[in-house]
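To start, the structure itself, in structure tokens.
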Amino acid sequence: MRVVVAHENLDFDALGSMVLAGKLFPGSLLALVGGLEGPLKDLAPLLEDRLDLVPAAEISLDKVSEVVLVDNARPERIGPFKALVGKVPFLVFDHHPKAPGDVPAVGGRVQAVGATVSLLLPLLLERGLSLTPLEATLAYAGVWEDTGGFSFPSTTALDLEAGRLLLEIGAEAWRVREWVRPHLSEEARSVLKALLRSARVVEREGFRLLVAEAKEEGYVPALAPLAHTLLDLHEAEGVLLVLRLGKETLLIARSKARLDVARWLGEVGGGGHPRAAFARVRGVKGAVRRLLQSLPRYLEPEPTLGEAMTAPVETLAPTSVREALRLLEERGYGAMPVVVPGGEGVRVLGLARRRDLKKAERLGLGDHPVEGFLARAVVLPPRTPLSQVEQHLKEGGGRVLVGERVGEGWQLLGIFTRTDLYRRRPLGEKPVGERVLEALPEGARRVLEALKEAFPQGLYLVGGAVRDALLLRSGPDIDLVLEPEVRVEAVARYLVERFGGSFSLHYAFGTGRVRLPFGLVVDLAESREEVYPYPGALPKVRPAPITKDLERRDYTVNAMALSLATRELLDPYGGLKDLEARLLRPLHPLSFVEDPSRIVRGARLAARLSFRFAEEALKALPPALLPEVLKTASQSRLRDELLLTLEEDTFYQALALLEELGALRPLYGLSLPPKEPFAQLKPPEGPHPERLLVEARLLVLLFFQEDPLARAQALWLSRKLREGLSLLLRAQRREEVEREALAKEPVRSAFLALFPEREAWLLERPRTLRGRDLLELGLKPGPKVGEILRRVAEARARGEVKTFEEELELARKLVGDGTLSAP
């Protein structure tokens, strides 16, 4: 049983995230830890009718096999489910920064954005999942509340995009405004008055912190918005609320900039965002004193003028108004300083501003010296804090020069304008390797840190693990490659001794698999190179360095490796660039010829990640689909790739892409069935439901072929699966099916999932145009096959063609009349 959990006292982001996670992981229980927060209490009657929230106390922990944790990564906030940490896999989706002590997750997505909903929504849309208007409205409320109506400093472009998408789906913004608007109770208003009376400003290193205290008997909900109210009323960069509520004391902190309040409140056991944090403490005076004393340690250095200026600064020598104006317009500047030599530096005469010079020229003064029309120039040293610059901008007409005094003159270093004051400073981007490690789930990161200590050299995180981390899509598996000096068995034994779990080894192939108790699977492989003796053959392997190991990968985005020793990202084929462009590019022109199963793997990745094949990949397809190449291809590899594809939520999109590329028929002898029968499949009950669902999808796929049993034989399917296919075919011919025949596994579950009530699709299989029909018309495999199929399908939907013969006739015209590129 899988459960979705957030934290005690649900707010809108937590509840909205639980709803989205329930959609991502169908069949999950939405577990309620504690109660509902603030306005959600008033909505409880509406939610009880629409959402099935199960109190945590009613869930048997020994039946929980997986936990999806949203809007939270702290084990102390999940009630009884804390007992499962380290025992079952946890997937974490959270917008709070990672911190020590977080749940050791094996997958999910953790990223510092305004709301967790903003992380989950793109995953839903990628899978083609829909939301009801109520679900979209709840999700929108989560984004709105946690971003302060898209105004808090933690708001990102991802939050704005999530809001836009939710509105398109059907979220009711007017209702959200009513839900989320603070409705202060009498107790909350009393607390606010006390906070206002006690508020005082504490300044540390130029940072103004507002500290306010209040006392109230008992718990008062929805107090966090009061922090923003106080910030709006006072000229401060941060606020610390000290709320004594009965026997407990709550600390609520917010900041606009410079202060990471999550790390700061970590001093007293709290946590949260860099701009919003929370803690429960005892001994309030000592806690507040400790926080104020430690405040400077958590302040980012205040930006200085030298860090934010534009450099170098161009200058003008004394000249005429007309010539100075020409130079300003030629260089695209609004103003330039006019200087003359002065001692060791220059003497600044003033600023020549374009608007002043234009006015002088209109008055007929273009030939006059520019010195008579200069604005005052203010020069400040580069160490000047930005907080002190704004007043000088007013004096300098919106600009200040940055320089160091040299004798009687200045050495000019740069210029700073009012526009620069509002421009976000570019942050020093972390190295790619650091970004990969930070994007990994907590459990994976702990494992890699331990391995780095135990094996200082020769270990690399590779392939999909690197790719997915850079896409912020990390899952429960990681792949490690070991250079020849490190042995698979040694690494496997070390991991089990350190973390528990079990391992298995395959000595013949130099591989191993470690299963850790908290759900992480670590695949180990010795680095090797592959040689293909002939097209489609299984490769011959031999030990080799990591660079050779990367050469044997399928696509550039899978040919990256992270050195655990140096944290350097190895990217010899430009995978990072293709990742940003969402392109699948083979490593070399013969990649598909050597192994045609790579085509299927690419279609699966393209469907899952919303990628597309690069032009080189499309050009490499036709040679790989030639009969003489496929004749020698590994049929077991092709079959395994098909089964892996059917495991995906986006399997139909992958099959449709193979059909569009003209590859489904050459590779498997298959055509694409209608989508509707797959949609009717229900997750089978009983042991191994995932495997049975894949088998059910396979039976549907084969059922719609012209000779299903021959196709099943060609794929070397098991006898029981072939029996299941025979049962379906007999049912389609309206033959009586003996219920006893369904008692065998896996036929019984697969068949019942397909055939609960003899759906219409099972009884009638109308013939429609397929990719193979186009190939028989002389069209070569490639994108044009999919284009014609699409246009014929559109004509079918409009009722312009109604029979297979009419579809075939339309296809002949499209193949022969040169209109394939027409809209």
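Here's how to read the names in the structure tokens: chain A, B, ... by the order shown, residue numbers from 1 in each chain, ligand numbers from 1 in the order shown.
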Can you list, as JSON, numbers by chain, every protein, DNA or RNA residue that comes within 12 Å of region 412-420 of chain A when you count only C-alpha atoms, leaving out same-chain residues fewer than 5 positions away? {"A": [304, 305, 306, 307, 308, 309, 310, 311, 312, 313, 314, 315, 333, 334, 335, 336, 337, 338, 339, 341, 344, 345, 346, 347, 348, 351, 377, 378, 379, 380, 381, 382, 383, 384, 386, 389, 390, 391, 392, 393, 394, 395, 396, 397, 398, 399, 400, 401, 402, 403, 404, 405, 406, 425, 426]}
Env of Gly79 (chain A): 9 Å cut, atoms = only C-alpha atoms, seq-sep filter 3 positions within chain, self excluded. Answer as a VMD selection string. chain A and resid 7 to 8 33 to 34 56 75 to 76 82 to 83
How would the residues just picked look written out with N, CA and C atoms as an mmCIF file, in the first residue's frame?
```cif
data_model
loop_
_atom_site.group_PDB
_atom_site.id
_atom_site.type_symbol
_atom_site.label_atom_id
_atom_site.label_comp_id
_atom_site.auth_asym_id
_atom_site.auth_seq_id
_atom_site.Cartn_x
_atom_site.Cartn_y
_atom_site.Cartn_z
ATOM 1 N N HIS A 7 2.323 17.056 6.199
ATOM 2 C CA HIS A 7 2.769 17.405 7.551
ATOM 3 C C HIS A 7 1.539 17.731 8.381
ATOM 4 N N GLU A 8 1.747 17.902 9.673
ATOM 5 C CA GLU A 8 0.622 18.228 10.537
ATOM 6 C C GLU A 8 0.083 19.610 10.183
ATOM 7 N N VAL A 33 -2.265 13.811 8.697
ATOM 8 C CA VAL A 33 -1.530 13.862 9.959
ATOM 9 C C VAL A 33 -1.927 15.151 10.661
ATOM 10 N N GLY A 34 -2.498 15.044 11.863
ATOM 11 C CA GLY A 34 -2.964 16.252 12.523
ATOM 12 C C GLY A 34 -4.246 16.752 11.884
ATOM 13 N N ALA A 56 -4.306 9.409 9.837
ATOM 14 C CA ALA A 56 -3.126 8.543 9.941
ATOM 15 C C ALA A 56 -3.339 7.423 10.944
ATOM 16 N N PRO A 75 11.267 14.195 9.146
ATOM 17 C CA PRO A 75 10.574 13.024 9.708
ATOM 18 C C PRO A 75 9.758 13.348 10.944
ATOM 19 N N GLU A 76 10.173 14.382 11.709
ATOM 20 C CA GLU A 76 9.448 14.686 12.944
ATOM 21 C C GLU A 76 8.081 15.312 12.692
ATOM 22 N N LYS A 82 6.818 8.386 10.813
ATOM 23 C CA LYS A 82 8.248 8.497 11.117
ATOM 24 C C LYS A 82 8.858 7.130 11.378
ATOM 25 N N ALA A 83 8.046 6.209 11.905
ATOM 26 C CA ALA A 83 8.555 4.866 12.210
ATOM 27 C C ALA A 83 8.937 4.094 10.958
#
```
Of the candidates A:Ala31, A:Val106, A:Leu20, A:Val211, which shows the shortest atom-to-atom distance to Leu166 (chain A), using only C-alpha atoms?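 Ranked by minimum distance to Leu166 (chain A), first place goes to A:Leu20.
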Using only C-alpha atoms, which of A:His228, A:Phe678, A:Glu647, A:Leu667 sits nearest Arg691 (chain A)?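 The closest residue to Arg691 (chain A) is A:Glu647.
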When DSSP is applied to the backbone of this structure, which of region 223-264 of chain A are assigned strand (DSSP E or B)? Write them out as a PyMOL selection string. chain A and resi 238-245+248-255+259
Check the smallest atom-to-atom distance from each of A:Leu349, A:Ala795, A:Leu167, A:Val239 to Ala141 (chain A) using only C-alpha atoms, then report the winner. A:Leu167
How many Å lie between CA of Leu774 (chain A) and CA of Arg127 (chain A), rounded to one decimal?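 Straight-line distance from CA of Leu774 (chain A) to CA of Arg127 (chain A) works out to 29.4 Å.
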Length of the CA of Val261 (chain A) to CA of Thr116 (chain A) vector [Å]: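 Between CA of Val261 (chain A) and CA of Thr116 (chain A) the gap works out to 18.9 Å.
Within 6 Å of region 254-258 of chain A there are Glu237, Gly238, Val239, Arg275, Ala276, Leu299 and Glu300 of chain A, counting only C-alpha atoms and ignoring same-chain residues fewer than 5 positions away.
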Restricted to all heavy atoms, what would the selected residues look like written as a compact mmCIF listing (two decimals), in the first residue's frame?
```
# COMPACT_ATOMS: atom_id res chain seq x y z
N GLU A 237 14.33 44.61 6.89
CA GLU A 237 14.61 43.56 5.90
C GLU A 237 14.17 42.19 6.39
O GLU A 237 14.08 41.24 5.60
CB GLU A 237 16.12 43.50 5.58
CG GLU A 237 16.62 44.65 4.72
CD GLU A 237 16.84 45.92 5.53
OE1 GLU A 237 17.42 45.84 6.63
OE2 GLU A 237 16.42 46.99 5.05
N GLY A 238 13.90 42.07 7.69
CA GLY A 238 13.49 40.79 8.23
C GLY A 238 12.66 40.97 9.49
O GLY A 238 12.62 42.06 10.08
N VAL A 239 11.97 39.90 9.89
CA VAL A 239 11.13 39.97 11.08
C VAL A 239 11.23 38.64 11.83
O VAL A 239 11.34 37.57 11.22
CB VAL A 239 9.66 40.27 10.71
CG1 VAL A 239 9.08 39.16 9.83
CG2 VAL A 239 8.81 40.44 11.96
N ARG A 275 13.70 32.30 3.02
CA ARG A 275 12.96 33.53 3.30
C ARG A 275 11.80 33.32 4.27
O ARG A 275 11.11 34.28 4.61
CB ARG A 275 12.43 34.13 1.99
CG ARG A 275 13.53 34.46 1.00
CD ARG A 275 14.39 35.63 1.48
NE ARG A 275 15.56 35.81 0.64
CZ ARG A 275 16.80 35.56 1.01
NH1 ARG A 275 17.03 35.11 2.23
NH2 ARG A 275 17.81 35.74 0.21
N ALA A 276 11.52 32.09 4.70
CA ALA A 276 10.41 31.84 5.62
C ALA A 276 10.74 30.60 6.44
O ALA A 276 11.02 29.55 5.88
CB ALA A 276 9.10 31.65 4.86
N LEU A 299 24.07 36.14 7.89
CA LEU A 299 23.81 37.23 6.94
C LEU A 299 24.75 37.09 5.75
O LEU A 299 25.97 36.96 5.91
CB LEU A 299 24.03 38.59 7.60
CG LEU A 299 23.00 39.04 8.64
CD1 LEU A 299 23.45 40.33 9.30
CD2 LEU A 299 21.64 39.21 8.00
N GLU A 300 24.18 37.10 4.57
CA GLU A 300 25.01 37.17 3.38
C GLU A 300 25.68 38.54 3.36
O GLU A 300 25.08 39.54 3.75
CB GLU A 300 24.16 37.00 2.12
CG GLU A 300 23.45 35.68 2.03
CD GLU A 300 22.48 35.64 0.86
OE1 GLU A 300 22.45 36.63 0.10
OE2 GLU A 300 21.74 34.64 0.74
```
Enter the distance from CA of Asp71 (chain A) to CA of Thr155 (chain A), in Å, rounded to one decimal.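 A separation of 15.3 Å between them.
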